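Shown next: final-v3.csv, given as CSV, N, CA and C atoms.
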```
chain,number,residue,atom,x,y,z
A,548,MET,N,-9.2,-16.2,31.8
A,548,MET,CA,-10.5,-15.7,32.0
A,548,MET,C,-10.9,-14.9,30.7
A,549,THR,N,-12.1,-15.1,30.2
A,549,THR,CA,-12.5,-14.4,29.0
A,549,THR,C,-13.1,-13.0,29.4
A,550,LYS,N,-13.1,-12.2,28.4
A,550,LYS,CA,-13.7,-10.8,28.6
A,550,LYS,C,-15.2,-10.9,28.8
A,551,THR,N,-15.7,-10.0,29.5
A,551,THR,CA,-17.2,-10.0,29.8
A,551,THR,C,-17.7,-8.7,29.1
A,552,GLY,N,-19.0,-8.6,29.1
A,552,GLY,CA,-19.7,-7.4,28.5
A,552,GLY,C,-19.9,-7.6,27.0
A,553,PRO,N,-20.6,-6.6,26.4
A,553,PRO,CA,-20.9,-6.7,25.0
A,553,PRO,C,-19.6,-6.7,24.1
A,554,LEU,N,-19.8,-7.2,22.9
A,554,LEU,CA,-18.7,-7.2,22.0
A,554,LEU,C,-18.4,-5.7,21.6
A,555,SER,N,-17.1,-5.4,21.4
A,555,SER,CA,-16.7,-4.1,20.9
A,555,SER,C,-16.9,-4.0,19.4
A,556,LYS,N,-16.8,-2.8,18.9
A,556,LYS,CA,-16.9,-2.6,17.4
A,556,LYS,C,-15.8,-3.4,16.8
A,557,ALA,N,-14.6,-3.4,17.3
A,557,ALA,CA,-13.5,-4.1,16.8
A,557,ALA,C,-13.7,-5.6,16.7
A,558,ASP,N,-14.3,-6.1,17.8
A,558,ASP,CA,-14.6,-7.6,17.9
A,558,ASP,C,-15.6,-7.9,16.8
A,559,LYS,N,-16.7,-7.1,16.7
A,559,LYS,CA,-17.7,-7.4,15.7
A,559,LYS,C,-17.1,-7.4,14.3
A,560,PHE,N,-16.3,-6.4,14.0
A,560,PHE,CA,-15.7,-6.3,12.7
A,560,PHE,C,-14.8,-7.5,12.4
A,561,TYR,N,-14.1,-7.9,13.4
A,561,TYR,CA,-13.2,-9.1,13.2
A,561,TYR,C,-14.1,-10.3,12.9
A,562,ILE,N,-15.1,-10.5,13.7
A,562,ILE,CA,-16.0,-11.7,13.5
A,562,ILE,C,-16.6,-11.6,12.1
A,563,GLU,N,-17.1,-10.4,11.7
A,563,GLU,CA,-17.8,-10.2,10.4
A,563,GLU,C,-16.8,-10.5,9.3
A,564,SER,N,-15.5,-10.2,9.5
A,564,SER,CA,-14.5,-10.4,8.4
A,564,SER,C,-14.1,-11.9,8.3
A,565,HIS,N,-14.2,-12.7,9.4
A,565,HIS,CA,-13.6,-14.0,9.5
A,565,HIS,C,-14.6,-15.1,9.7
A,566,TRP,N,-15.8,-14.9,9.9
A,566,TRP,CA,-16.7,-15.9,10.4
A,566,TRP,C,-16.9,-17.0,9.4
A,567,THR,N,-16.7,-16.7,8.1
A,567,THR,CA,-16.9,-17.8,7.1
A,567,THR,C,-15.6,-18.6,6.9
A,568,LYS,N,-14.5,-18.1,7.4
A,568,LYS,CA,-13.2,-18.8,7.2
A,568,LYS,C,-12.7,-19.5,8.4
A,569,LYS,N,-13.2,-19.1,9.6
A,569,LYS,CA,-12.7,-19.7,10.8
A,569,LYS,C,-13.8,-20.3,11.7
A,570,ASP,N,-13.5,-21.3,12.5
A,570,ASP,CA,-14.4,-21.9,13.4
A,570,ASP,C,-14.8,-21.0,14.5
A,571,ILE,N,-15.9,-21.1,15.1
A,571,ILE,CA,-16.4,-20.3,16.2
A,571,ILE,C,-15.4,-20.4,17.4
A,572,LYS,N,-15.0,-21.6,17.7
A,572,LYS,CA,-14.0,-21.9,18.8
A,572,LYS,C,-12.7,-21.1,18.6
A,573,VAL,N,-12.2,-21.1,17.4
A,573,VAL,CA,-11.0,-20.3,17.1
A,573,VAL,C,-11.2,-18.8,17.2
A,574,LEU,N,-12.3,-18.3,16.7
A,574,LEU,CA,-12.6,-16.9,16.8
A,574,LEU,C,-12.7,-16.5,18.3
A,575,ALA,N,-13.4,-17.3,19.0
A,575,ALA,CA,-13.6,-17.0,20.5
A,575,ALA,C,-12.3,-16.9,21.2
A,576,GLN,N,-11.4,-17.9,20.8
A,576,GLN,CA,-10.1,-17.9,21.4
A,576,GLN,C,-9.2,-16.7,21.0
A,577,GLU,N,-9.3,-16.3,19.8
A,577,GLU,CA,-8.5,-15.2,19.3
A,577,GLU,C,-8.9,-13.9,19.9
A,578,LEU,N,-10.2,-13.8,20.1
A,578,LEU,CA,-10.8,-12.5,20.7
A,578,LEU,C,-10.9,-12.5,22.2
A,579,ASP,N,-10.6,-13.7,22.8
A,579,ASP,CA,-10.7,-13.9,24.3
A,579,ASP,C,-12.2,-13.6,24.7
A,580,ARG,N,-13.1,-14.2,24.0
A,580,ARG,CA,-14.5,-14.1,24.3
A,580,ARG,C,-15.1,-15.4,24.4
A,581,THR,N,-16.3,-15.5,24.9
A,581,THR,CA,-17.0,-16.8,25.0
A,581,THR,C,-17.5,-17.2,23.7
A,582,GLN,N,-17.6,-18.6,23.5
A,582,GLN,CA,-18.1,-19.1,22.2
A,582,GLN,C,-19.5,-18.7,22.0
A,583,LYS,N,-20.3,-18.6,23.1
A,583,LYS,CA,-21.7,-18.2,23.0
A,583,LYS,C,-21.9,-16.8,22.4
A,584,SER,N,-21.0,-15.8,22.9
A,584,SER,CA,-21.2,-14.4,22.4
A,584,SER,C,-20.8,-14.4,20.9
A,585,VAL,N,-19.7,-15.1,20.5
A,585,VAL,CA,-19.3,-15.1,19.1
A,585,VAL,C,-20.4,-15.8,18.3
A,586,GLU,N,-21.0,-16.9,18.8
A,586,GLU,CA,-22.0,-17.6,18.0
A,586,GLU,C,-23.3,-16.7,17.9
A,587,GLU,N,-23.6,-16.0,18.9
A,587,GLU,CA,-24.8,-15.1,18.8
A,587,GLU,C,-24.6,-14.0,17.8
A,588,HIS,N,-23.4,-13.4,17.7
A,588,HIS,CA,-23.1,-12.4,16.7
A,588,HIS,C,-23.1,-13.0,15.3
A,589,ILE,N,-22.7,-14.2,15.2
A,589,ILE,CA,-22.7,-14.8,13.8
A,589,ILE,C,-24.2,-15.1,13.4
A,590,GLU,N,-25.0,-15.5,14.4
A,590,GLU,CA,-26.4,-15.6,14.1
A,590,GLU,C,-27.0,-14.3,13.7
A,591,HIS,N,-26.7,-13.2,14.3
A,591,HIS,CA,-27.1,-11.9,14.0
A,591,HIS,C,-26.7,-11.5,12.6
A,592,ILE,N,-25.5,-11.8,12.2
A,592,ILE,CA,-25.0,-11.5,10.9
A,592,ILE,C,-25.8,-12.3,9.8
A,593,LYS,N,-26.1,-13.6,10.1
A,593,LYS,CA,-26.9,-14.4,9.2
A,593,LYS,C,-28.3,-13.8,9.0
A,594,ILE,N,-28.9,-13.4,10.1
A,594,ILE,CA,-30.3,-12.9,10.0
A,594,ILE,C,-30.3,-11.6,9.2
A,595,MET,N,-29.3,-10.7,9.5
A,595,MET,CA,-29.2,-9.4,8.8
A,595,MET,C,-29.0,-9.6,7.3
A,596,LYS,N,-28.2,-10.6,6.9
A,596,LYS,CA,-27.9,-10.9,5.5
A,596,LYS,C,-29.2,-11.3,4.8
A,597,VAL,N,-30.1,-12.1,5.5
A,597,VAL,CA,-31.3,-12.5,4.9
A,597,VAL,C,-32.3,-11.3,4.8
A,598,LYS,N,-32.3,-10.5,5.8
A,598,LYS,CA,-33.2,-9.3,5.8
A,598,LYS,C,-32.8,-8.3,4.8
A,599,ALA,N,-31.5,-8.0,4.7
A,599,ALA,CA,-31.0,-6.9,3.8
A,599,ALA,C,-31.0,-7.4,2.4
A,600,GLY,N,-30.3,-8.5,2.1
A,600,GLY,CA,-30.2,-9.1,0.8
A,600,GLY,C,-29.9,-8.0,-0.3
A,601,GLY,N,-29.9,-8.4,-1.5
A,601,GLY,CA,-29.8,-7.5,-2.6
A,601,GLY,C,-28.5,-6.7,-2.7
A,602,GLN,N,-28.4,-5.9,-3.7
A,602,GLN,CA,-27.2,-5.2,-4.1
A,602,GLN,C,-27.0,-4.0,-3.2
A,603,PHE,N,-28.0,-3.5,-2.4
A,603,PHE,CA,-27.8,-2.3,-1.7
A,603,PHE,C,-27.3,-2.5,-0.2
A,604,ALA,N,-27.2,-3.8,0.1
A,604,ALA,CA,-26.7,-4.1,1.5
A,604,ALA,C,-25.2,-3.9,1.6
A,605,ARG,N,-24.8,-3.3,2.7
A,605,ARG,CA,-23.4,-3.1,2.9
A,605,ARG,C,-23.0,-4.0,4.1
A,606,HIS,N,-22.2,-4.9,3.9
A,606,HIS,CA,-21.8,-5.9,4.9
A,606,HIS,C,-23.1,-6.7,5.5
A,607,GLY,N,-24.1,-6.7,4.7
A,607,GLY,CA,-25.3,-7.4,5.1
A,607,GLY,C,-26.1,-6.8,6.3
A,608,ASP,N,-25.7,-5.6,6.7
A,608,ASP,CA,-26.3,-4.9,7.8
A,608,ASP,C,-26.9,-3.6,7.4
A,609,PRO,N,-28.2,-3.4,7.3
A,609,PRO,CA,-28.8,-2.1,6.9
A,609,PRO,C,-28.5,-1.0,7.9
A,610,GLU,N,-28.1,-1.3,9.1
A,610,GLU,CA,-27.8,-0.2,10.1
A,610,GLU,C,-26.5,0.5,9.7
A,611,LYS,N,-25.6,-0.2,9.0
A,611,LYS,CA,-24.4,0.4,8.6
A,611,LYS,C,-24.4,1.3,7.4
A,612,GLY,N,-25.5,1.3,6.7
A,612,GLY,CA,-25.6,2.1,5.5
A,612,GLY,C,-26.1,1.3,4.3
A,613,GLY,N,-25.9,1.8,3.2
A,613,GLY,CA,-26.4,1.2,2.0
A,613,GLY,C,-27.0,2.3,1.1
A,614,ALA,N,-28.0,2.0,0.4
A,614,ALA,CA,-28.6,2.9,-0.5
A,614,ALA,C,-30.1,3.1,-0.2
A,615,VAL,N,-30.6,4.2,-0.5
A,615,VAL,CA,-32.0,4.5,-0.4
A,615,VAL,C,-32.6,4.8,-1.7
A,616,VAL,N,-33.7,4.1,-2.1
A,616,VAL,CA,-34.3,4.3,-3.4
A,616,VAL,C,-35.7,4.9,-3.1
A,617,ALA,N,-36.0,6.1,-3.7
A,617,ALA,CA,-37.2,6.8,-3.5
A,617,ALA,C,-38.1,6.5,-4.7
A,618,THR,N,-39.4,6.3,-4.4
A,618,THR,CA,-40.4,6.2,-5.5
A,618,THR,C,-40.8,7.5,-6.0
A,619,GLU,N,-41.5,7.5,-7.1
A,619,GLU,CA,-42.0,8.8,-7.6
A,619,GLU,C,-43.0,9.4,-6.7
A,620,ALA,N,-43.8,8.6,-6.1
A,620,ALA,CA,-44.9,9.2,-5.2
A,620,ALA,C,-44.2,9.8,-4.0
A,621,ALA,N,-43.2,9.2,-3.4
A,621,ALA,CA,-42.5,9.8,-2.3
A,621,ALA,C,-41.8,11.1,-2.6
A,622,THR,N,-41.2,11.1,-3.8
A,622,THR,CA,-40.5,12.3,-4.2
A,622,THR,C,-41.5,13.5,-4.4
A,623,MET,N,-42.7,13.2,-5.0
A,623,MET,CA,-43.7,14.2,-5.2
A,623,MET,C,-44.2,14.7,-3.8
A,624,MET,N,-44.4,13.8,-2.8
A,624,MET,CA,-44.8,14.2,-1.5
A,624,MET,C,-43.8,15.2,-0.9
A,625,GLY,N,-42.5,14.9,-1.1
A,625,GLY,CA,-41.5,15.7,-0.5
A,625,GLY,C,-41.5,17.1,-1.2
A,626,ASP,N,-41.7,17.1,-2.5
A,626,ASP,CA,-41.8,18.4,-3.2
A,626,ASP,C,-43.0,19.2,-2.7
A,627,ASP,N,-44.1,18.6,-2.5
A,627,ASP,CA,-45.3,19.3,-2.0
A,627,ASP,C,-45.1,19.8,-0.6
A,628,PHE,N,-44.4,19.0,0.2
A,628,PHE,CA,-44.1,19.5,1.6
A,628,PHE,C,-43.2,20.7,1.6
A,629,LYS,N,-42.2,20.7,0.7
A,629,LYS,CA,-41.2,21.8,0.6
A,629,LYS,C,-41.9,23.0,0.2
A,630,LYS,N,-42.9,22.9,-0.8
A,630,LYS,CA,-43.6,24.1,-1.3
A,630,LYS,C,-44.5,24.7,-0.1
A,631,ARG,N,-45.1,23.9,0.7
A,631,ARG,CA,-46.0,24.4,1.7
A,631,ARG,C,-45.2,25.0,2.9
A,632,SER,N,-44.1,24.4,3.2
A,632,SER,CA,-43.3,24.9,4.4
A,632,SER,C,-42.5,26.1,4.1
A,633,GLY,N,-42.2,26.4,2.9
A,633,GLY,CA,-41.4,27.6,2.5
A,633,GLY,C,-40.0,27.4,2.8
A,634,SER,N,-39.2,28.3,2.5
A,634,SER,CA,-37.7,28.2,2.8
A,634,SER,C,-37.3,29.2,3.8
A,635,THR,N,-36.3,28.9,4.5
A,635,THR,CA,-35.7,29.9,5.5
A,635,THR,C,-34.9,30.8,4.7
A,636,ARG,N,-34.5,31.9,5.4
A,636,ARG,CA,-33.6,32.9,4.8
A,636,ARG,C,-32.3,32.3,4.3
A,637,ARG,N,-31.7,31.4,5.2
A,637,ARG,CA,-30.5,30.8,4.9
A,637,ARG,C,-30.6,29.9,3.6
A,638,GLN,N,-31.7,29.1,3.6
A,638,GLN,CA,-31.9,28.2,2.5
A,638,GLN,C,-32.0,29.0,1.2
A,639,LYS,N,-32.6,30.2,1.2
A,639,LYS,CA,-32.8,31.0,0.0
A,639,LYS,C,-31.5,31.5,-0.5
A,640,ARG,N,-30.6,31.9,0.5
A,640,ARG,CA,-29.3,32.4,0.1
A,640,ARG,C,-28.4,31.3,-0.5
A,641,CYS,N,-28.6,30.0,-0.1
A,641,CYS,CA,-27.7,28.9,-0.4
A,641,CYS,C,-28.2,28.1,-1.6
A,642,THR,N,-29.4,28.4,-2.1
A,642,THR,CA,-30.0,27.6,-3.1
A,642,THR,C,-30.0,28.4,-4.4
A,643,THR,N,-29.6,27.7,-5.5
A,643,THR,CA,-29.6,28.3,-6.8
A,643,THR,C,-30.5,27.5,-7.7
A,644,LYS,N,-31.4,28.1,-8.4
A,644,LYS,CA,-32.3,27.4,-9.4
A,644,LYS,C,-31.6,27.4,-10.7
A,645,THR,N,-31.7,26.2,-11.3
A,645,THR,CA,-31.1,26.0,-12.6
A,645,THR,C,-32.1,26.1,-13.7
A,646,LYS,N,-33.4,25.8,-13.4
A,646,LYS,CA,-34.5,25.9,-14.3
A,646,LYS,C,-35.7,26.4,-13.6
A,647,ASP,N,-36.6,27.1,-14.2
A,647,ASP,CA,-37.9,27.5,-13.6
A,647,ASP,C,-39.0,26.5,-13.9
```

If you convert what's in this file into structure tokens, what do you get?
Amino acid sequence: MTKTGPLSKADKFYIESHWTKKDIKVLAQELDRTQKSVEEHIEHIKIMKVKAGGQFARHGDPEKGGAVVATEAATMMGDDFKKRSGSTRRQKRCTTKTKD
């Protein structure tokens, strides 16, 4: 009898590591899961690879991390927000200015 319920993190990691090398049937057998659940996770992997793409994707899944690139406009908005909100006492103690 196969395991029921959602795939564990270990199961997902195993599938992500071996889905290009092994058949769905073999993966399902090794994990003692249904072929349908393994196939659904592989489809999820494929979709996330297409969505993430590029050099900043880690394992093709943006939920697992990657890189964040800020534009100049976003950086300036953050600086303006920081000036308006002021600093807390702790932030003032822990912050050192290198230039004025």

By how many Å are atom N of A:Thr567 and atom C of A:Met548 apart?
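Interatomic distance here is 23.4 Å.
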
Would you compute the distance between atom C of A:Asp579 and atom N of A:Thr551? Give it in Å to one decimal.
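Rounded to one decimal, the two atoms are 6.9 Å apart.
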
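Rounded to one decimal, atom CA of A:Val573 and atom CA of A:Tyr561 lie 12.1 Å from each other.
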
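Distance annotation: of A:Ala575, A:Ala621, A:Ile589, A:Ile594, the residue with the minimal separation from A:Glu563 is A:Ile589; atom set is all atoms listed in the file.
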
Between A:Thr549, A:Lys556, A:Trp566, A:Lys596, which has the minimum distance to A:Thr581 (counting only N, CA and C atoms)?
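Checking each of A:Thr549, A:Lys556, A:Trp566, A:Lys596 against A:Thr581, counting only N, CA and C atoms, the winner is A:Thr549.
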
A:Ser584: which residues within 12 Å, counting only C-alpha atoms, same-chain residues fewer than 6 positions away excluded, as a list in words?
Thr549, Lys550, Thr551, Gly552, Pro553, Leu554, Ser555, Asp558, Lys559, Ile562, Ile571, Lys572, Leu574, Ala575, Gln576, Leu578, Glu590 and His591 of chain A
